$ cat structure_17.tsv   # TSV, C-alpha atoms
chain	number	residue	atom	x	y	z
X	1	ILE	CA	-3.54	2.15	-6.44
X	2	GLY	CA	-4.88	-0.43	-8.83
X	3	THR	CA	-8.12	-2.31	-8.18
X	4	ALA	CA	-9.54	-2.04	-4.66
X	5	ASP	CA	-12.24	-4.22	-3.08
X	6	ALA	CA	-15.10	-1.84	-3.85
X	7	VAL	CA	-15.64	-3.14	-7.39
X	8	ASN	CA	-18.19	-5.50	-8.84
X	9	HIS	CA	-16.27	-6.74	-11.83
X	10	MET	CA	-13.16	-8.65	-12.82
X	11	PRO	CA	-10.39	-8.84	-13.81
X	12	PHE	CA	-8.63	-7.16	-10.92
X	13	THR	CA	-5.62	-5.19	-12.14
X	14	SER	CA	-2.59	-3.42	-10.72
X	15	LEU	CA	-0.74	-0.55	-12.38
X	16	GLY	CA	2.17	-2.89	-13.02
X	17	ASP	CA	0.57	-5.88	-14.73
X	18	LEU	CA	2.79	-7.69	-17.22
X	19	PRO	CA	2.10	-8.99	-20.71
X	20	ASP	CA	2.37	-12.71	-21.39
X	21	GLY	CA	5.95	-13.91	-21.42
X	22	VAL	CA	7.28	-11.18	-19.13
X	23	GLU	CA	8.07	-12.37	-15.60
X	24	GLU	CA	9.25	-9.20	-13.88
X	25	ASP	CA	9.54	-5.47	-14.51
X	26	PRO	CA	11.91	-3.76	-12.06
X	27	ASP	CA	12.40	-0.91	-14.55
X	28	PHE	CA	8.60	-0.45	-14.78
X	29	LYS	CA	8.51	-0.43	-18.56
X	30	HIS	CA	4.94	-1.73	-18.37
X	31	PHE	CA	3.70	0.59	-15.61
X	32	SER	CA	0.54	2.38	-16.69
X	33	ILE	CA	-2.32	4.42	-15.26
X	34	GLN	CA	-4.32	3.97	-18.46
X	35	ARG	CA	-7.05	2.11	-16.59
X	36	ASP	CA	-7.36	5.10	-14.26
X	37	TYR	CA	-8.18	7.17	-17.33
X	38	ASP	CA	-10.53	4.54	-18.68
X	39	ASN	CA	-12.36	4.24	-15.35
X	40	HIS	CA	-12.56	8.05	-14.94
X	41	VAL	CA	-10.43	8.11	-11.79
X	42	ILE	CA	-8.18	10.88	-13.13
X	43	GLU	CA	-11.17	12.84	-14.46
X	44	THR	CA	-12.98	12.57	-11.12
X	45	ALA	CA	-9.94	13.69	-9.13
X	46	LYS	CA	-9.56	16.74	-11.34
X	47	MET	CA	-13.24	17.60	-10.92
X	48	ILE	CA	-12.88	17.35	-7.16
X	49	LYS	CA	-9.89	19.70	-7.30
X	50	GLU	CA	-11.93	22.23	-9.26
X	51	ILE	CA	-14.67	22.15	-6.63
X	52	ASN	CA	-12.25	22.21	-3.69
X	53	PRO	CA	-8.70	23.32	-4.50
X	54	ASP	CA	-7.66	22.50	-0.91
X	55	VAL	CA	-8.55	18.81	-1.20
X	56	ARG	CA	-5.85	16.36	-0.11
X	57	PHE	CA	-5.30	13.08	-1.93
X	58	TYR	CA	-3.63	10.01	-0.51
X	59	GLY	CA	-2.97	6.65	-2.11
X	60	SER	CA	-3.34	3.09	-0.89
X	61	ALA	CA	-2.73	-0.18	-2.70
X	62	TRP	CA	-4.64	-3.36	-1.89
X	63	SER	CA	-1.74	-5.37	-3.28
X	64	ALA	CA	1.57	-5.08	-5.06
X	65	PRO	CA	1.67	-6.32	-8.67
X	66	GLY	CA	1.70	-10.10	-8.81
X	67	TRP	CA	5.34	-10.37	-9.85
X	68	MET	CA	6.38	-8.93	-6.48
X	69	LYS	CA	4.48	-11.59	-4.52
X	70	THR	CA	5.03	-15.18	-3.51
X	71	ASN	CA	1.85	-16.33	-5.25
X	72	ASN	CA	2.72	-14.39	-8.41
X	73	GLN	CA	-0.77	-12.97	-8.81
X	74	PHE	CA	-2.46	-9.70	-7.96
X	75	GLN	CA	-5.58	-11.31	-6.55
X	76	GLY	CA	-5.54	-12.59	-2.98
X	77	GLU	CA	-6.12	-16.11	-1.69
X	78	VAL	CA	-7.91	-17.32	1.43
X	79	ALA	CA	-4.90	-19.44	2.37
X	80	LEU	CA	-2.81	-16.26	2.76
X	81	LYS	CA	-0.21	-17.23	0.18
X	82	GLU	CA	0.01	-13.68	-1.13
X	83	VAL	CA	3.09	-12.43	0.74
X	84	LEU	CA	5.37	-9.66	-0.47
X	85	ARG	CA	8.68	-11.15	-1.53
X	86	GLU	CA	11.59	-9.87	0.52
X	87	ASP	CA	13.63	-9.22	-2.61
X	88	ARG	CA	10.88	-6.93	-3.92
X	89	VAL	CA	10.79	-4.40	-1.08
X	90	ASP	CA	12.60	-1.73	-3.11
X	91	ASP	CA	10.50	-2.56	-6.17
X	92	LEU	CA	7.32	-1.90	-4.18
X	93	ALA	CA	8.69	1.44	-2.98
X	94	ASN	CA	9.59	2.39	-6.55
X	95	TYR	CA	6.15	1.27	-7.78
X	96	TYR	CA	4.67	3.78	-5.36
X	97	VAL	CA	7.03	6.46	-6.69
X	98	LYS	CA	5.84	5.73	-10.23
X	99	PHE	CA	2.26	6.24	-9.05
X	100	ILE	CA	3.09	9.58	-7.40
X	101	GLN	CA	4.94	10.73	-10.53
X	102	ALA	CA	2.15	9.70	-12.90
X	103	TYR	CA	-0.48	11.54	-10.92
X	104	ALA	CA	1.75	14.59	-10.45
X	105	ALA	CA	2.06	14.76	-14.24
X	106	GLU	CA	-1.74	15.10	-14.32
X	107	GLY	CA	-1.68	17.92	-11.78
X	108	ILE	CA	-2.79	15.68	-8.92
X	109	ASP	CA	-0.43	15.80	-5.96
X	110	ILE	CA	-0.45	12.74	-3.73
X	111	GLU	CA	0.22	13.96	-0.21
X	112	ALA	CA	0.57	10.57	1.47
X	113	LEU	CA	0.71	6.85	0.78
X	114	THR	CA	-0.06	4.04	3.16
X	115	VAL	CA	2.20	1.01	3.23
X	116	LEU	CA	-0.74	-1.18	2.17
X	117	ASN	CA	-4.46	-1.39	2.71
X	118	GLU	CA	-5.25	-4.01	5.37
X	119	PRO	CA	-2.03	-6.06	5.26
X	120	GLY	CA	-2.62	-9.72	6.00
X	121	MET	CA	-6.21	-10.01	4.75
X	122	ASP	CA	-6.90	-13.54	3.46
X	123	VAL	CA	-9.51	-12.74	0.84
X	124	GLN	CA	-10.08	-13.35	-2.85
X	125	TYR	CA	-10.07	-9.75	-3.98
X	126	PRO	CA	-6.70	-7.96	-4.31
X	127	ALA	CA	-4.82	-8.45	-1.05
X	128	MET	CA	-1.37	-9.14	0.32
X	129	ASP	CA	0.43	-9.91	3.54
X	130	ILE	CA	3.47	-7.98	4.69
X	131	PRO	CA	4.80	-9.45	7.96
X	132	VAL	CA	6.04	-7.03	10.60
X	133	PRO	CA	9.77	-7.28	9.74
X	134	LEU	CA	9.00	-6.61	6.08
X	135	GLN	CA	6.64	-3.75	6.90
X	136	GLN	CA	9.53	-2.07	8.68
X	137	LYS	CA	11.75	-2.45	5.62
X	138	VAL	CA	9.02	-1.23	3.28
X	139	ILE	CA	8.47	1.89	5.39
X	140	LEU	CA	12.17	2.76	5.28
X	141	ALA	CA	12.38	1.96	1.56
X	142	MET	CA	9.36	4.16	0.81
X	143	ARG	CA	10.83	7.10	2.67
X	144	ASP	CA	14.18	6.71	0.91
X	145	ALA	CA	12.57	6.30	-2.52
X	146	PHE	CA	10.25	9.28	-2.07
X	147	ASP	CA	13.12	11.50	-0.97
X	148	ALA	CA	15.38	10.34	-3.80
X	149	ALA	CA	12.64	11.14	-6.34
X	150	GLY	CA	12.12	14.64	-4.97
X	151	PHE	CA	8.93	13.87	-3.03
X	152	GLU	CA	10.28	14.73	0.39
X	153	GLY	CA	6.90	16.17	1.37
X	154	THR	CA	4.94	13.03	0.52
X	155	GLU	CA	4.09	11.29	3.78
X	156	VAL	CA	4.28	7.58	4.63
X	157	TRP	CA	1.43	6.22	6.74
X	158	ALA	CA	1.57	2.89	8.54
X	159	HIS	CA	-1.03	0.25	9.31
X	160	ASP	CA	-4.20	1.24	7.35
X	161	PHE	CA	-6.15	-1.45	9.19
X	162	ASN	CA	-8.43	-2.07	12.17
X	163	TYR	CA	-7.85	-0.95	15.74
X	164	TRP	CA	-7.48	-4.51	17.03
X	165	ASP	CA	-4.98	-5.43	14.33
X	166	TRP	CA	-2.79	-2.64	15.66
X	167	LYS	CA	-2.88	-3.72	19.27
X	168	HIS	CA	-5.16	-6.03	21.18
X	169	PRO	CA	-4.38	-5.92	24.91
X	170	SER	CA	-5.79	-9.38	25.69
X	171	ASP	CA	-5.37	-11.37	22.47
X	172	SER	CA	-2.05	-12.50	21.05
X	173	THR	CA	-3.71	-14.07	18.01
X	174	THR	CA	-4.27	-10.74	16.25
X	175	LYS	CA	-1.53	-9.17	14.20
X	176	ASN	CA	-0.38	-6.62	16.79
X	177	TYR	CA	1.22	-4.46	14.12
X	178	TYR	CA	2.31	-1.91	16.72
X	179	ARG	CA	5.48	-4.03	16.78
X	180	ILE	CA	6.69	-2.21	13.65
X	181	LEU	CA	7.68	0.65	15.98
X	182	ALA	CA	10.06	-1.57	17.98
X	183	ASP	CA	13.57	-2.73	17.07
X	184	SER	CA	13.47	-5.78	14.84
X	185	ALA	CA	14.27	-9.12	16.44
X	186	ASP	CA	17.46	-9.53	14.42
X	187	GLY	CA	18.60	-5.97	15.13
X	188	SER	CA	18.66	-4.99	11.46
X	189	VAL	CA	16.00	-2.29	11.84
X	190	LYS	CA	15.71	0.28	14.61
X	191	GLY	CA	12.26	1.24	15.76
X	192	ASP	CA	13.28	4.89	16.01
X	193	ASP	CA	14.24	4.88	12.33
X	194	VAL	CA	10.80	3.53	11.44
X	195	LYS	CA	9.14	6.23	13.54
X	196	ASP	CA	11.23	8.91	11.84
X	197	ALA	CA	10.17	7.63	8.41
X	198	LEU	CA	6.47	7.75	9.29
X	199	SER	CA	4.15	10.73	9.43
X	200	ALA	CA	1.01	8.96	10.66
X	201	ILE	CA	-0.70	5.69	11.52
X	202	ALA	CA	-3.95	5.10	9.62
X	203	PHE	CA	-6.84	3.24	11.26
X	204	HIS	CA	-10.07	1.57	10.17
X	205	PRO	CA	-12.91	1.62	12.72
X	206	TYR	CA	-14.52	-1.71	11.80
X	207	TRP	CA	-13.22	-3.76	14.73
X	208	GLY	CA	-11.52	-3.02	18.00
X	209	ASP	CA	-11.28	-0.13	20.43
X	210	ALA	CA	-10.21	3.35	19.36
X	211	SER	CA	-8.23	3.69	22.60
X	212	VAL	CA	-5.31	1.90	20.91
X	213	MET	CA	-4.64	5.14	19.04
X	214	ALA	CA	-3.54	6.81	22.27
$ encode --input "structure_17.tsv" --output "structure tokens"
Amino acid sequence: IGTADAVNHMPFTSLGDLPDGVEEDPDFKHFSIQRDYDNHVIETAKMIKEINPDVRFYGSAWSAPGWMKTNNQFQGEVALKEVLREDRVDDLANYYVKFIQAYAAEGIDIEALTVLNEPGMDVQYPAMDIPVPLQQKVILAMRDAFDAAGFEGTEVWAHDFNYWDWKHPSDSTTKNYYRILADSADGSVKGDDVKDALSAIAFHPYWGDASVMA
């Protein structure tokens, strides 16, 4: 959803970039998938569907649009300043709904979305951190937003990161994102509600042990 890391050009762009002078867009007046047309993403997806009508598409964003983040830019930073703003949780969920709707209008059904690709990566391509308490709120907001928009069948997938960032049995310095399934420290979110909102946990096999999936 927007620019990923597998590109060799700049600028990096989200689907919710703003023109000069506009600071926020909670009504998504500037949302656009035009670059997905220009870069042949829509065309390629349709070709794939013609070849295999049973193909399943899922979506994953490397970052929210810059106006939803503490560093106010889509691109990441090594200092990990690119954190989702707490007051933009619902906006992120609605941004994902806009993506699902735009692709559905093109005949491309999105069957699942991850919360974010590799949350917490401190890199200079599009990236963003979503701490555990915020991940819980995003998951619940996504489920509510999808249901309200009539996409009850669109799944929410957690994590979308390495095995060891999910749970490392002997290292407390990793992110240990499995904590999203527990009650929040302040009691505002119940782990069972998070589990109910999720359909799957997505993993990357780059680092860690696959046994954490058990």
$ atom_distance --input "structure_17.tsv" --atom1 "atom CA of Asp25 of chain X" --atom2 "atom CA of Lys98 of chain X"
12.5 Å
$ closest_residue --input "structure_17.tsv" --among "X:Glu77, X:Leu140, X:Val55, X:Gly153" --to "Asp193 of chain X" --atoms "all atoms listed in the file"
X:Leu140
$ residues_around --input "structure_17.tsv" --residues "Phe203 of chain X" --least-positions-apart "3" --cutoff "7 Å" --atoms "all atoms listed in the file" --output "list of chain:residue names"
X:His159, X:Asp160, X:Phe161, X:Asn162, X:Tyr163
$ closest_residue --input "structure_17.tsv" --among "X:Val97, X:Ile108, X:Leu113, X:Leu92" --to "Val138 of chain X" --atoms "only C-alpha atoms"
X:Leu92
$ atom_distance --input "structure_17.tsv" --atom1 "atom CA of Ser184 of chain X" --atom2 "atom CA of Val132 of chain X"
8.6 Å
$ residues_around --input "structure_17.tsv" --residues "Gly76 of chain X" --least-positions-apart "6" --cutoff "12 Å" --atoms "all atoms listed in the file" --output "ChimeraX atom specification"
/X:3-5,12-13,62-66,69-70,82-84,118-129
$ closest_atom_pairs --input "structure_17.tsv" --of "segment 58-133 of chain X" --to "segment 29-39 of chain X" --cutoff "12 Å" --atoms "all atoms listed in the file" --output "Markdown table"
| residue | atom | partner | partner_atom | distance |
| --- | --- | --- | --- | --- |
| X:Pro65 | CA | X:Phe31 | CA | 10.0 |
| X:Asn94 | CA | X:Phe31 | CA | 11.0 |
| X:Tyr95 | CA | X:Phe31 | CA | 8.2 |
| X:Tyr96 | CA | X:Phe31 | CA | 10.8 |
| X:Val97 | CA | X:Phe31 | CA | 11.2 |
| X:Lys98 | CA | X:Phe31 | CA | 7.7 |
| X:Phe99 | CA | X:Ile33 | CA | 7.9 |
| X:Ile100 | CA | X:Ile33 | CA | 10.8 |
| X:Gln101 | CA | X:Ile33 | CA | 10.7 |
| X:Ala102 | CA | X:Ile33 | CA | 7.3 |
| X:Tyr103 | CA | X:Ile33 | CA | 8.5 |
| X:Ala104 | CA | X:Ile33 | CA | 12.0 |
| X:Ala105 | CA | X:Ile33 | CA | 11.3 |
| X:Glu106 | CA | X:Tyr37 | CA | 10.6 |
$ atom_distance --input "structure_17.tsv" --atom1 "atom CA of Ala214 of chain X" --atom2 "atom CA of Asp54 of chain X"
28.3 Å
$ residues_around --input "structure_17.tsv" --residues "Lys167 of chain X" --least-positions-apart "6" --cutoff "8 Å" --atoms "only C-alpha atoms" --output "list in words"
Thr174, Lys175, Asn176, Tyr177, Tyr178 and Val212 of chain X
$ closest_residue --input "structure_17.tsv" --among "X:Asp171, X:Gln136, X:Val115, X:Ile110" --to "Ala185 of chain X" --atoms "only C-alpha atoms"
X:Gln136
$ residues_around --input "structure_17.tsv" --residues "Thr114 of chain X" --least-positions-apart "4" --cutoff "8 Å" --atoms "all atoms listed in the file" --output "JSON, numbers by chain"
{"X": [58, 59, 60, 61, 156, 157, 158, 159, 160, 202]}
$ closest_residue --input "structure_17.tsv" --among "X:Pro11, X:Ala197, X:Ala93, X:Pro169" --to "Ala141 of chain X" --atoms "all atoms listed in the file"
X:Ala93
$ decode --input "structure_17.tsv" --residues "segment 20-43 of chain X" --atoms "N, CA and C atoms" --output "short mmCIF file (atom, residue, chain, number, x, y, z; two decimals), in the first residue's frame"
data_model
loop_
_atom_site.label_atom_id
_atom_site.label_comp_id
_atom_site.auth_asym_id
_atom_site.auth_seq_id
_atom_site.Cartn_x
_atom_site.Cartn_y
_atom_site.Cartn_z
N ASP X 20 1.06 20.77 -1.11
CA ASP X 20 1.63 21.83 -0.27
C ASP X 20 0.52 22.67 0.35
N GLY X 21 0.70 22.98 1.62
CA GLY X 21 -0.26 23.82 2.32
C GLY X 21 -1.35 23.06 3.04
N VAL X 22 -1.47 21.76 2.78
CA VAL X 22 -2.47 20.93 3.47
C VAL X 22 -1.75 20.10 4.52
N GLU X 23 -2.20 20.16 5.76
CA GLU X 23 -1.50 19.51 6.87
C GLU X 23 -2.10 18.17 7.28
N GLU X 24 -3.35 17.95 6.97
CA GLU X 24 -3.99 16.68 7.34
C GLU X 24 -5.15 16.43 6.39
N ASP X 25 -5.63 15.19 6.38
CA ASP X 25 -6.70 14.83 5.44
C ASP X 25 -7.55 13.69 6.00
N PRO X 26 -8.20 13.92 7.16
CA PRO X 26 -8.99 12.83 7.75
C PRO X 26 -10.19 12.41 6.91
N ASP X 27 -10.62 13.26 5.98
CA ASP X 27 -11.71 12.90 5.08
C ASP X 27 -11.20 12.26 3.78
N PHE X 28 -9.89 12.16 3.64
CA PHE X 28 -9.23 11.49 2.51
C PHE X 28 -9.64 12.08 1.15
N LYS X 29 -9.73 13.39 1.11
CA LYS X 29 -10.04 14.07 -0.14
C LYS X 29 -8.90 13.93 -1.15
N HIS X 30 -7.69 13.69 -0.65
CA HIS X 30 -6.53 13.58 -1.53
C HIS X 30 -6.06 12.13 -1.72
N PHE X 31 -6.81 11.18 -1.19
CA PHE X 31 -6.45 9.77 -1.37
C PHE X 31 -6.51 9.43 -2.85
N SER X 32 -5.52 8.69 -3.32
CA SER X 32 -5.49 8.33 -4.74
C SER X 32 -4.65 7.08 -4.96
N ILE X 33 -5.14 6.23 -5.87
CA ILE X 33 -4.34 5.08 -6.32
C ILE X 33 -3.81 5.33 -7.73
N GLN X 34 -3.75 6.60 -8.13
CA GLN X 34 -3.29 6.92 -9.48
C GLN X 34 -1.90 6.35 -9.75
N ARG X 35 -1.02 6.42 -8.75
CA ARG X 35 0.34 5.89 -8.98
C ARG X 35 0.32 4.38 -9.19
N ASP X 36 -0.68 3.71 -8.63
CA ASP X 36 -0.80 2.27 -8.87
C ASP X 36 -1.21 1.98 -10.32
N TYR X 37 -1.96 2.90 -10.92
CA TYR X 37 -2.20 2.80 -12.36
C TYR X 37 -0.92 3.09 -13.13
N ASP X 38 -0.29 4.19 -12.77
CA ASP X 38 0.91 4.64 -13.50
C ASP X 38 2.02 3.60 -13.46
N ASN X 39 2.13 2.90 -12.33
CA ASN X 39 3.20 1.91 -12.16
C ASN X 39 2.73 0.49 -12.52
N HIS X 40 1.55 0.39 -13.12
CA HIS X 40 1.03 -0.88 -13.66
C HIS X 40 0.71 -1.92 -12.58
N VAL X 41 0.50 -1.46 -11.36
CA VAL X 41 0.13 -2.39 -10.29
C VAL X 41 -1.28 -2.94 -10.54
N ILE X 42 -2.21 -2.06 -10.85
CA ILE X 42 -3.59 -2.49 -11.11
C ILE X 42 -3.63 -3.41 -12.33
N GLU X 43 -2.96 -3.01 -13.39
CA GLU X 43 -2.92 -3.81 -14.62
C GLU X 43 -2.35 -5.20 -14.35
#
